[in-house]
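K.L.:
Below is entry-v4.tsv; it holds TSV, C-alpha atoms.
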chain	number	residue	atom	x	y	z
A	94	MET	CA	107.24	-44.36	-34.54
A	95	ALA	CA	109.08	-43.33	-31.40
A	96	PHE	CA	110.38	-46.84	-31.00
A	97	ALA	CA	111.89	-47.21	-34.45
A	98	GLY	CA	112.78	-50.75	-35.34
A	99	ARG	CA	110.51	-52.19	-32.69
A	100	GLU	CA	107.11	-53.36	-33.88
A	101	PRO	CA	104.27	-52.90	-31.37
A	102	ARG	CA	102.93	-56.24	-30.17
A	103	PRO	CA	99.40	-57.20	-31.28
A	104	HIS	CA	96.53	-56.42	-28.89
A	105	MET	CA	95.31	-58.99	-26.43
A	106	ASN	CA	92.42	-61.21	-27.51
A	107	PRO	CA	89.32	-59.12	-26.62
A	108	TYR	CA	87.69	-61.95	-24.65
A	109	TRP	CA	90.77	-62.43	-22.45
A	110	ALA	CA	91.08	-58.68	-21.93
A	111	GLY	CA	87.37	-58.60	-21.04
A	112	ILE	CA	87.79	-61.40	-18.49
A	113	GLY	CA	90.77	-59.54	-16.98
A	114	LEU	CA	88.76	-56.34	-16.79
A	115	GLY	CA	85.77	-58.19	-15.35
A	116	LEU	CA	87.90	-59.75	-12.60
A	117	VAL	CA	89.36	-56.33	-11.69
A	118	LEU	CA	85.78	-55.01	-11.48
A	119	LEU	CA	84.67	-58.01	-9.39
A	120	ALA	CA	87.60	-57.51	-7.00
A	121	THR	CA	86.54	-53.86	-6.64
A	122	PHE	CA	82.99	-54.88	-5.72
A	123	VAL	CA	84.26	-57.44	-3.18
A	124	LEU	CA	86.84	-55.18	-1.53
A	125	MET	CA	85.18	-51.78	-1.78
A	126	GLY	CA	81.44	-52.36	-2.20
A	127	ARG	CA	81.58	-50.05	-5.21
A	128	GLY	CA	82.67	-50.23	-8.84
A	129	LEU	CA	85.15	-48.57	-11.18
A	130	GLY	CA	84.89	-45.03	-12.53
A	131	ALA	CA	86.64	-42.19	-14.30
A	132	SER	CA	84.51	-39.07	-14.79
A	133	GLY	CA	84.14	-38.51	-11.03
A	134	ALA	CA	87.88	-37.84	-10.80
A	135	PHE	CA	87.47	-34.99	-13.30
A	136	SER	CA	84.58	-33.55	-11.25
A	137	SER	CA	86.70	-33.62	-8.08
A	138	THR	CA	89.59	-31.92	-9.86
A	139	ILE	CA	87.40	-29.15	-11.32
A	140	ALA	CA	85.61	-28.62	-7.99
A	141	TRP	CA	88.98	-28.29	-6.26
A	142	LEU	CA	90.33	-25.83	-8.88
A	143	VAL	CA	87.18	-23.67	-8.71
A	144	SER	CA	87.33	-23.73	-4.90
A	145	LEU	CA	90.87	-22.28	-5.13
A	146	ALA	CA	89.85	-19.54	-7.58
A	147	ALA	CA	86.43	-18.70	-6.14
A	148	PRO	CA	85.76	-20.48	-2.82
A	149	GLY	CA	82.40	-18.81	-2.18
A	150	TYR	CA	81.06	-19.64	-5.63
A	151	ALA	CA	82.27	-23.27	-5.45
A	152	GLN	CA	80.42	-23.81	-2.17
A	153	SER	CA	77.24	-22.19	-3.50
A	154	ASN	CA	77.21	-24.26	-6.71
A	155	GLU	CA	75.21	-27.40	-5.97
A	156	PHE	CA	77.09	-29.54	-8.51
A	157	LEU	CA	80.56	-28.53	-7.29
A	158	ALA	CA	79.70	-28.54	-3.58
A	159	ARG	CA	79.00	-32.28	-3.88
A	160	TYR	CA	82.71	-32.82	-4.62
A	161	LEU	CA	83.98	-30.55	-1.82
A	162	PRO	CA	84.07	-32.48	1.46
A	163	GLU	CA	84.41	-30.36	4.59
A	164	ASP	CA	86.83	-32.58	6.48
A	165	THR	CA	89.37	-33.51	3.82
A	166	HIS	CA	91.11	-32.41	0.61
A	167	PRO	CA	88.85	-32.62	-2.48
A	168	LEU	CA	91.44	-34.73	-4.33
A	169	ARG	CA	91.62	-37.25	-1.51
A	170	THR	CA	88.91	-39.39	-3.08
A	171	TRP	CA	88.79	-42.98	-4.24
A	172	LEU	CA	88.37	-42.18	-7.94
A	173	VAL	CA	91.29	-39.71	-8.08
A	174	PHE	CA	93.60	-42.44	-6.74
A	175	GLU	CA	92.04	-45.04	-9.05
A	176	VAL	CA	92.55	-42.82	-12.11
A	177	ALA	CA	96.19	-42.26	-11.11
A	178	GLY	CA	96.49	-46.05	-11.09
A	179	VAL	CA	94.86	-46.28	-14.54
A	180	PHE	CA	97.57	-43.95	-15.87
A	181	ALA	CA	100.32	-46.08	-14.31
A	182	GLY	CA	98.82	-49.40	-15.43
A	183	ALA	CA	98.29	-48.19	-18.99
A	184	LEU	CA	101.86	-46.89	-19.17
A	185	LEU	CA	103.18	-50.22	-17.87
A	186	SER	CA	101.18	-52.22	-20.42
A	187	GLY	CA	102.09	-49.82	-23.23
A	188	LEU	CA	105.82	-50.04	-22.43
A	189	LEU	CA	105.73	-53.85	-22.26
A	190	ALA	CA	103.98	-54.01	-25.65
A	191	GLY	CA	106.10	-51.32	-27.36
A	192	ARG	CA	103.00	-49.19	-27.90
A	193	VAL	CA	104.11	-45.95	-26.18
A	194	ALA	CA	104.60	-43.32	-28.88
A	195	ARG	CA	104.17	-39.57	-29.17
A	196	THR	CA	101.53	-39.52	-31.87
A	197	VAL	CA	98.00	-38.43	-32.79
A	198	GLU	CA	95.37	-41.12	-33.40
A	199	LYS	CA	93.41	-40.01	-36.46
A	200	GLY	CA	91.87	-41.08	-39.74
A	201	PRO	CA	93.89	-40.78	-42.96
A	202	ARG	CA	91.89	-37.84	-44.38
A	203	VAL	CA	92.10	-35.25	-41.58
A	204	SER	CA	94.95	-33.08	-40.36
A	205	PRO	CA	96.28	-33.46	-36.82
A	206	GLY	CA	94.90	-29.97	-36.04
A	207	THR	CA	91.36	-30.95	-37.07
A	208	ARG	CA	91.62	-34.17	-35.11
A	209	LEU	CA	92.71	-32.30	-31.97
A	210	ALA	CA	89.85	-29.80	-32.32
A	211	PHE	CA	87.41	-32.73	-32.54
A	212	ALA	CA	89.07	-34.42	-29.55
A	213	PHE	CA	88.55	-31.28	-27.47
A	214	ALA	CA	84.93	-30.83	-28.61
A	215	GLY	CA	84.11	-34.50	-28.05
A	216	GLY	CA	85.61	-34.38	-24.57
A	217	ALA	CA	83.62	-31.30	-23.65
A	218	LEU	CA	80.40	-32.83	-25.01
A	219	MET	CA	80.94	-36.08	-23.13
A	220	ALA	CA	81.52	-34.19	-19.90
A	221	PHE	CA	77.94	-32.89	-20.18
A	222	GLY	CA	76.62	-36.36	-20.93
A	223	ALA	CA	78.53	-38.00	-18.09
A	224	ALA	CA	77.47	-35.33	-15.59
A	225	LEU	CA	73.81	-35.74	-16.60
A	226	ALA	CA	74.00	-39.53	-16.48
A	227	ARG	CA	75.95	-39.56	-13.19
A	228	GLY	CA	78.76	-41.57	-14.71
A	229	CYS	CA	80.56	-42.56	-17.89
A	230	THR	CA	81.45	-45.75	-19.70
A	231	SER	CA	83.30	-47.01	-16.59
A	232	GLY	CA	81.04	-45.88	-13.77
A	233	GLN	CA	77.73	-46.45	-15.52
A	234	ALA	CA	78.05	-48.88	-18.45
A	235	LEU	CA	80.65	-51.27	-17.01
A	236	THR	CA	79.91	-51.05	-13.29
A	237	GLY	CA	76.15	-50.55	-13.47
A	238	GLY	CA	75.92	-53.07	-16.30
A	239	ALA	CA	77.34	-55.81	-14.07
A	240	LEU	CA	75.04	-54.77	-11.20
A	241	LEU	CA	72.01	-54.90	-13.55
A	242	ASN	CA	71.35	-51.28	-12.58
A	243	LEU	CA	68.28	-50.03	-14.49
A	244	GLY	CA	69.63	-46.54	-15.23
A	245	SER	CA	72.95	-47.96	-16.38
A	246	TRP	CA	71.32	-50.20	-18.98
A	247	VAL	CA	69.19	-47.29	-20.25
A	248	PHE	CA	72.43	-45.26	-20.43
A	249	MET	CA	74.40	-47.98	-22.21
A	250	LEU	CA	71.78	-48.63	-24.90
A	251	CYS	CA	71.48	-44.88	-25.54
A	252	LEU	CA	75.26	-44.54	-25.74
A	253	PHE	CA	75.45	-47.08	-28.56
A	254	ALA	CA	72.34	-45.60	-30.24
A	255	GLY	CA	73.78	-42.06	-30.16
A	256	ALA	CA	77.15	-43.20	-31.48
A	257	TYR	CA	75.72	-45.27	-34.36
A	258	ALA	CA	73.38	-42.41	-35.29
A	259	VAL	CA	76.20	-39.90	-35.85
A	260	ALA	CA	78.96	-42.25	-37.06
A	261	PRO	CA	77.99	-41.91	-40.78
A	262	LEU	CA	78.08	-38.09	-40.50
A	263	LEU	CA	81.58	-38.18	-39.01
A	264	ARG	CA	82.96	-40.82	-41.35
A	265	ARG	CA	85.44	-38.36	-42.86
A	266	GLN	CA	87.21	-37.97	-39.56
A	267	TRP	CA	87.96	-41.67	-39.19
A	268	ARG	CA	87.84	-43.46	-42.56
B	263	MET	CA	83.45	-61.10	7.99
B	264	SER	CA	81.97	-61.40	4.53
B	265	ALA	CA	82.23	-59.10	1.52
B	266	PRO	CA	82.05	-56.27	0.64
B	267	PHE	CA	84.80	-55.44	3.13
B	268	TYR	CA	85.24	-51.67	3.13
B	269	PRO	CA	81.59	-50.74	3.84
B	270	GLN	CA	81.75	-52.94	6.94
B	271	GLY	CA	84.86	-51.23	8.27
B	272	ALA	CA	87.36	-54.00	7.51
B	273	PHE	CA	90.08	-51.46	6.67
B	274	SER	CA	90.83	-47.74	6.91
B	275	ASP	CA	90.39	-44.91	4.38
B	276	GLU	CA	94.16	-44.88	3.81
B	277	VAL	CA	94.10	-48.54	2.84
B	278	SER	CA	91.09	-47.93	0.57
B	279	LEU	CA	93.01	-45.21	-1.30
B	280	ALA	CA	96.06	-47.46	-1.69
B	281	LEU	CA	93.74	-50.16	-3.04
B	282	ALA	CA	92.22	-47.61	-5.43
B	283	PHE	CA	95.65	-47.06	-6.95
B	284	VAL	CA	96.36	-50.80	-7.24
B	285	ILE	CA	92.91	-51.53	-8.71
B	286	GLY	CA	93.43	-48.63	-11.13
B	287	ILE	CA	96.66	-50.22	-12.33
B	288	GLY	CA	94.75	-53.39	-13.18
B	289	PHE	CA	92.01	-51.40	-14.90
B	290	GLY	CA	94.45	-49.33	-16.98
B	291	PHE	CA	96.58	-52.37	-17.80
B	292	PHE	CA	93.72	-54.37	-19.34
B	293	LEU	CA	92.29	-51.33	-21.17
B	294	GLU	CA	95.68	-50.76	-22.81
B	295	ARG	CA	96.15	-54.50	-23.51
B	296	ALA	CA	92.85	-54.48	-25.40
B	297	GLY	CA	94.10	-51.59	-27.55
B	298	PHE	CA	91.77	-49.01	-26.01
B	299	GLY	CA	94.46	-46.32	-25.85
B	300	SER	CA	93.81	-45.78	-29.56
B	301	ALA	CA	90.85	-43.68	-30.72
B	302	ARG	CA	90.96	-45.40	-34.12
B	303	LYS	CA	90.52	-48.81	-32.48
B	304	LEU	CA	87.69	-47.52	-30.24
B	305	VAL	CA	85.62	-45.84	-32.96
B	306	SER	CA	85.99	-48.88	-35.25
B	307	GLN	CA	83.13	-50.21	-33.14
B	308	PHE	CA	80.86	-47.66	-34.82
B	309	TYR	CA	82.11	-48.40	-38.35
B	310	LEU	CA	81.60	-52.12	-37.68
B	311	ASP	CA	84.96	-53.45	-38.89
B	312	ASP	CA	86.39	-54.09	-35.39
B	313	LEU	CA	83.93	-54.80	-32.58
B	314	ALA	CA	86.52	-55.18	-29.81
B	315	VAL	CA	84.74	-52.51	-27.71
B	316	PHE	CA	81.58	-54.60	-27.60
B	317	LYS	CA	83.45	-57.85	-27.01
B	318	VAL	CA	85.65	-56.52	-24.20
B	319	MET	CA	82.87	-54.57	-22.50
B	320	PHE	CA	80.33	-57.37	-22.54
B	321	THR	CA	82.86	-60.04	-21.54
B	322	ALA	CA	83.81	-57.82	-18.58
B	323	ILE	CA	80.15	-57.20	-17.64
B	324	VAL	CA	79.29	-60.91	-17.89
B	325	THR	CA	82.40	-61.93	-15.88
B	326	ALA	CA	81.73	-59.47	-13.05
B	327	MET	CA	77.96	-60.13	-13.09
B	328	LEU	CA	78.43	-63.92	-12.86
B	329	GLY	CA	81.05	-63.45	-10.13
B	330	LEU	CA	78.70	-61.25	-8.07
B	331	TRP	CA	75.84	-63.69	-8.55
B	332	LEU	CA	77.95	-66.70	-7.50
B	333	LEU	CA	79.55	-64.95	-4.51
B	334	SER	CA	76.21	-63.69	-3.25
B	335	GLY	CA	74.63	-67.10	-3.97
B	336	VAL	CA	77.10	-68.90	-1.68
B	337	GLY	CA	76.63	-66.21	0.98
B	338	PHE	CA	80.11	-64.70	0.72
B	339	LEU	CA	78.95	-61.30	-0.56
B	340	ASP	CA	76.01	-59.18	0.54
B	341	LEU	CA	74.81	-57.58	-2.69
B	342	SER	CA	72.69	-55.04	-0.77
B	343	LEU	CA	75.92	-53.46	0.54
B	344	VAL	CA	77.27	-52.80	-2.97
B	345	SER	CA	76.39	-49.20	-3.83
B	346	LEU	CA	74.04	-48.60	-6.75
B	347	VAL	CA	73.91	-45.29	-8.62
B	348	PRO	CA	70.26	-44.13	-8.39
B	349	THR	CA	68.24	-44.24	-11.61
B	350	TYR	CA	67.10	-40.99	-13.20
B	351	TRP	CA	66.06	-42.62	-16.43
B	352	ILE	CA	65.38	-39.46	-18.46
B	353	ALA	CA	68.66	-37.82	-17.40
B	354	GLN	CA	70.49	-41.07	-18.14
B	355	LEU	CA	68.75	-41.50	-21.50
B	356	VAL	CA	69.77	-37.98	-22.60
B	357	GLY	CA	73.22	-38.36	-21.01
B	358	GLY	CA	73.78	-41.64	-22.83
B	359	LEU	CA	72.84	-40.17	-26.21
B	360	VAL	CA	75.12	-37.16	-25.66
B	361	LEU	CA	77.94	-39.44	-24.58
B	362	GLY	CA	77.48	-41.61	-27.67
B	363	VAL	CA	77.67	-38.59	-29.99
B	364	GLY	CA	80.71	-37.29	-28.10
B	365	PHE	CA	82.41	-40.67	-28.37
B	366	VAL	CA	82.45	-40.54	-32.19
B	367	VAL	CA	83.43	-36.84	-32.19
B	368	GLY	CA	86.18	-37.16	-29.56
B	369	GLY	CA	87.32	-40.75	-30.08
B	370	TYR	CA	87.54	-41.65	-26.39
B	371	CYS	CA	85.61	-41.93	-23.16
B	372	PRO	CA	87.12	-40.47	-19.97
B	373	GLY	CA	88.82	-43.69	-18.84
B	374	THR	CA	90.31	-44.53	-22.22
B	375	SER	CA	91.55	-40.94	-22.67
B	376	ILE	CA	93.72	-41.50	-19.57
B	377	VAL	CA	95.10	-44.68	-21.16
B	378	SER	CA	95.72	-42.82	-24.42
B	379	THR	CA	97.49	-39.95	-22.65
B	380	ALA	CA	99.63	-42.36	-20.62
B	381	THR	CA	100.84	-44.02	-23.84
B	382	GLY	CA	101.81	-40.71	-25.46
B	383	ARG	CA	98.78	-39.84	-27.61
B	384	LEU	CA	98.35	-36.07	-27.94
B	385	ASP	CA	94.68	-36.40	-28.96
B	386	GLY	CA	94.05	-38.27	-25.70
B	387	LEU	CA	95.54	-35.40	-23.71
B	388	VAL	CA	93.50	-32.80	-25.64
B	389	TYR	CA	90.33	-34.88	-25.11
B	390	LEU	CA	91.10	-34.93	-21.39
B	391	VAL	CA	91.46	-31.14	-21.31
B	392	GLY	CA	88.19	-30.85	-23.25
B	393	PHE	CA	86.48	-33.12	-20.74
B	394	ALA	CA	87.74	-30.98	-17.85
B	395	ALA	CA	86.51	-27.83	-19.63
B	396	GLY	CA	83.12	-29.46	-20.25
B	397	THR	CA	82.84	-30.43	-16.59
B	398	LEU	CA	83.47	-26.80	-15.63
B	399	GLY	CA	80.90	-25.72	-18.23
B	400	PHE	CA	78.32	-28.14	-16.82
B	401	ALA	CA	78.93	-26.82	-13.29
B	402	LEU	CA	78.45	-23.23	-14.49
B	403	VAL	CA	75.11	-23.96	-16.17
B	404	PHE	CA	73.98	-26.46	-13.52
B	405	PRO	CA	71.23	-24.21	-12.05
B	406	HIS	CA	69.63	-24.08	-15.53
B	407	VAL	CA	69.79	-27.83	-16.25
B	408	GLN	CA	68.84	-29.03	-12.78
B	409	GLY	CA	65.35	-29.98	-14.03
B	410	LEU	CA	66.81	-32.35	-16.62
B	411	TYR	CA	69.43	-33.61	-14.15
B	412	THR	CA	66.73	-34.94	-11.81
B	413	ALA	CA	64.20	-36.00	-14.49
B	414	GLY	CA	62.85	-39.54	-14.34
B	415	GLU	CA	63.86	-40.26	-10.74
B	416	LEU	CA	63.27	-43.88	-9.71
B	417	GLY	CA	65.89	-44.25	-6.96
B	418	PRO	CA	68.44	-47.09	-6.78
B	419	THR	CA	66.80	-49.95	-8.70
B	420	THR	CA	67.74	-52.92	-10.86
B	421	LEU	CA	66.39	-54.65	-13.97
B	422	PRO	CA	65.10	-57.70	-12.01
B	423	GLU	CA	63.18	-55.39	-9.64
B	424	VAL	CA	61.60	-53.35	-12.42
B	425	LEU	CA	60.81	-56.30	-14.70
B	426	GLY	CA	59.55	-58.36	-11.77
B	427	ILE	CA	61.55	-61.45	-12.75
B	428	PRO	CA	64.12	-63.36	-10.67
B	429	TYR	CA	67.72	-62.10	-10.53
B	430	ALA	CA	69.02	-65.42	-11.90
B	431	ALA	CA	66.72	-65.17	-14.92
B	432	VAL	CA	68.08	-61.73	-15.85
B	433	VAL	CA	71.65	-62.98	-15.35
B	434	LEU	CA	70.92	-65.89	-17.69
B	435	GLY	CA	69.28	-63.53	-20.19
B	436	VAL	CA	72.30	-61.20	-20.27
B	437	VAL	CA	74.66	-64.17	-20.75
B	438	LEU	CA	72.56	-65.49	-23.67
B	439	VAL	CA	72.33	-62.04	-25.31
B	440	ALA	CA	76.11	-61.60	-24.90
B	441	LEU	CA	76.87	-65.02	-26.42
B	442	LEU	CA	74.58	-64.31	-29.38
B	443	GLY	CA	76.19	-60.87	-29.66
B	444	PHE	CA	79.69	-62.36	-29.78
B	445	ARG	CA	78.69	-64.71	-32.63
B	446	GLY	CA	76.97	-61.87	-34.46
B	447	ALA	CA	79.98	-59.57	-33.91
B	448	SER	CA	82.40	-61.93	-35.67
B	449	PHE	CA	80.01	-62.23	-38.61
B	450	VAL	CA	79.53	-58.44	-38.87
B	451	GLU	CA	83.30	-57.81	-38.66
B	452	LYS	CA	83.97	-60.28	-41.48
B	453	SER	CA	81.41	-58.79	-43.84
B	454	PHE	CA	82.39	-55.17	-43.13
B	455	ARG	CA	86.10	-55.87	-43.49
B	456	GLN	CA	85.42	-57.45	-46.90
B	457	ALA	CA	83.25	-54.49	-47.89
B	458	GLY	CA	86.05	-52.13	-46.77
B	459	THR	CA	88.65	-54.02	-48.80
B	460	SER	CA	86.63	-54.00	-52.02
B	461	ARG	CA	85.89	-50.28	-51.59
B	462	THR	CA	89.58	-49.52	-51.12
B	463	GLU	CA	90.42	-51.53	-54.23
B	464	LYS	CA	87.92	-49.57	-56.28
B	465	CYS	CA	89.30	-46.24	-55.07
B	466	GLY	CA	92.78	-47.46	-55.89
B	467	ASP	CA	94.36	-46.27	-52.63
Once more with this new file: its structure as structure tokens, please.

P.N.:
Amino acid sequence: MAFAGREPRPHMNPYWAGIGLGLVLLATFVLMGRGLGASGAFSSTIAWLVSLAAPGYAQSNEFLARYLPEDTHPLRTWLVFEVAGVFAGALLSGLLAGRVARTVEKGPRVSPGTRLAFAFAGGALMAFGAALARGCTSGQALTGGALLNLGSWVFMLCLFAGAYAVAPLLRRQWR
Amino acid sequence: MSAPFYPQGAFSDEVSLALAFVIGIGFGFFLERAGFGSARKLVSQFYLDDLAVFKVMFTAIVTAMLGLWLLSGVGFLDLSLVSLVPTYWIAQLVGGLVLGVGFVVGGYCPGTSIVSTATGRLDGLVYLVGFAAGTLGFALVFPHVQGLYTAGELGPTTLPEVLGIPYAAVVLGVVLVALLGFRGASFVEKSFRQAGTSRTEKCGD
């Protein structure tokens, strides 16, 4: 839309994209001794913001205190830098493929306003799930999946189960 | 020195943060390449007419898993130095279900919402704000959900340990399940795309 006259290129074959993603993950294990993630960067950001607004409360909250190191800035963490890279890498790929466009991804039968309300609600809900599970699709499913981590496989199966269970109820939003 | 490098002090914190950014670029690049900056593409997984989420995720898991297994098999990588998120199976069971529901409601997961925002999608940005708000909400109610948060504690543990079967056997099992899944996925996509087409024709739109 924004790039009128220029058709977005088709997506990469999913198996090649998966191999690329898998090699990035493997390189992370080899170099860092840890995997990829995303939700942890949000936790660090929120912990930092709360520590600015209410320092005493942030330190006394057991969930937030975990993300507030004593010796360094809360945003000076591995996942915050990784997520900044994700933004840059996605933008690069999107520009190369002609897929960068100011738009709202939605089904044909809902208004942009409804879609945005659902996006907000879904995000908020998933924050609870990711905090409970100690990770999201990146940190648990992908990373823990490759490490054969027991909790990650429980998490991943339940993620698919939960999504398939509600998909028929939310069909109107997408189809 | 063998891998993993950072836990053994091969480079400084500054270098690790620079690497985080570079690794992130690779991560974001392949997510966008796969089309995962689009909520419509992602949720198609749950309406069965495009199973790219399953294909990409399991190809990535199998690739990294086989790589780890090979590198530790030849003695290049010490798997015990790769950090493992501890298992709290009840918390992770509930968390997984909630995440699955939220995925169909919101259209993204945290990582893909970054990709979506980077490529201009407003719904990705709003999802991201919602996720931040939810994280704050979780922190505020944390004292009340602490029981659930620590339910089912088993410590850092893996499938081979719990099942009592060799690591290589589980690796082989995951590869076989993935290969069967890939064959099944193509079949499911074909039948659901046909079903979708005939339904559209009937509706006349």

K.L.:
In terms of the shortest atom-to-atom distance over only C-alpha atoms, which of A:Ala254, A:Ala260, A:Ala224, A:Thr236 is closest to B:Gln408?

P.N.:
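Nearest candidate to B:Gln408 out of A:Ala254, A:Ala260, A:Ala224, A:Thr236: A:Ala224.
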
K.L.:
For each of A:Val203, A:Ala226, A:Leu250, A:Ala158, take the minimum atom-to-atom distance to chain B, counting only C-alpha atoms, then give the residue where this is smallest.

P.N.:
A:Ala226

K.L.:
Pick out the closest residue to chain A from this set: B:Tyr429, B:Phe298, B:Phe393, B:Phe273. Count all atoms listed in the file.

P.N.:
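Checking each candidate against chain A, we get B:Phe393 as the closest.
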
K.L.:
Given the choices A:Gly232, A:Arg268, A:Gly222, A:Gly200, which gets closest to chain B if the distance is worked out from only C-alpha atoms?

P.N.:
A:Gly222

K.L.:
Can you pull out the residues contacting B:Ala413? Cut-off 6 Å, using only C-alpha atoms, and skip same-chain residues under 2 positions away; I want them as a PyMOL selection string.

P.N.:
chain B and resi 350+352-353+410-411+415

K.L.:
Find the residues near A:Gly228: any atom within 8 Å, counting all atoms listed in the file, skip ones fewer than 3 places away on the same chain, and give them as a ChimeraX atom specification.

P.N.:
/A:130-133,223-225,231-233

K.L.:
Restricting the output to C-alpha atoms, write the selected residues as a compact mmCIF listing (two decimals), keeping the file's coordinate frame.

P.N.:
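Saved to part_35.txt:
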# COMPACT_ATOMS: atom_id res chain seq x y z
CA GLY A 130 84.89 -45.03 -12.53
CA ALA A 131 86.64 -42.19 -14.30
CA SER A 132 84.51 -39.07 -14.79
CA GLY A 133 84.14 -38.51 -11.03
CA ALA A 223 78.53 -38.00 -18.09
CA ALA A 224 77.47 -35.33 -15.59
CA LEU A 225 73.81 -35.74 -16.60
CA SER A 231 83.30 -47.01 -16.59
CA GLY A 232 81.04 -45.88 -13.77
CA GLN A 233 77.73 -46.45 -15.52

K.L.:
Would you work out the distance separating atom CA of A:Phe174 from atom CA of B:Leu279, expressed in Å to one decimal?

P.N.:
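Between atom CA of A:Phe174 and atom CA of B:Leu279 the gap works out to 6.1 Å.
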
K.L.:
What lies within 10 Å of B:Phe400 using only C-alpha atoms, ignoring chain neighbours under 6 positions off, as a list in words?

P.N.:
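Answer for this query is Ser136, Phe156, Leu157, Ala217, Leu218, Ala220, Phe221, Gly222, Ala223, Ala224 and Leu225 of chain A; Ala394, His406 and Val407 of chain B.
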
K.L.:
Which residue, B:Ile287, B:Ser278, B:Ala457, B:Ala440, has the smallest gap to chain A when you use only C-alpha atoms?

P.N.:
B:Ile287

K.L.:
What is the atom CA of A:Phe248-atom CA of A:Leu129 distance in Å, reported with one decimal?

P.N.:
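Distance between the two atoms: 16.1 Å.
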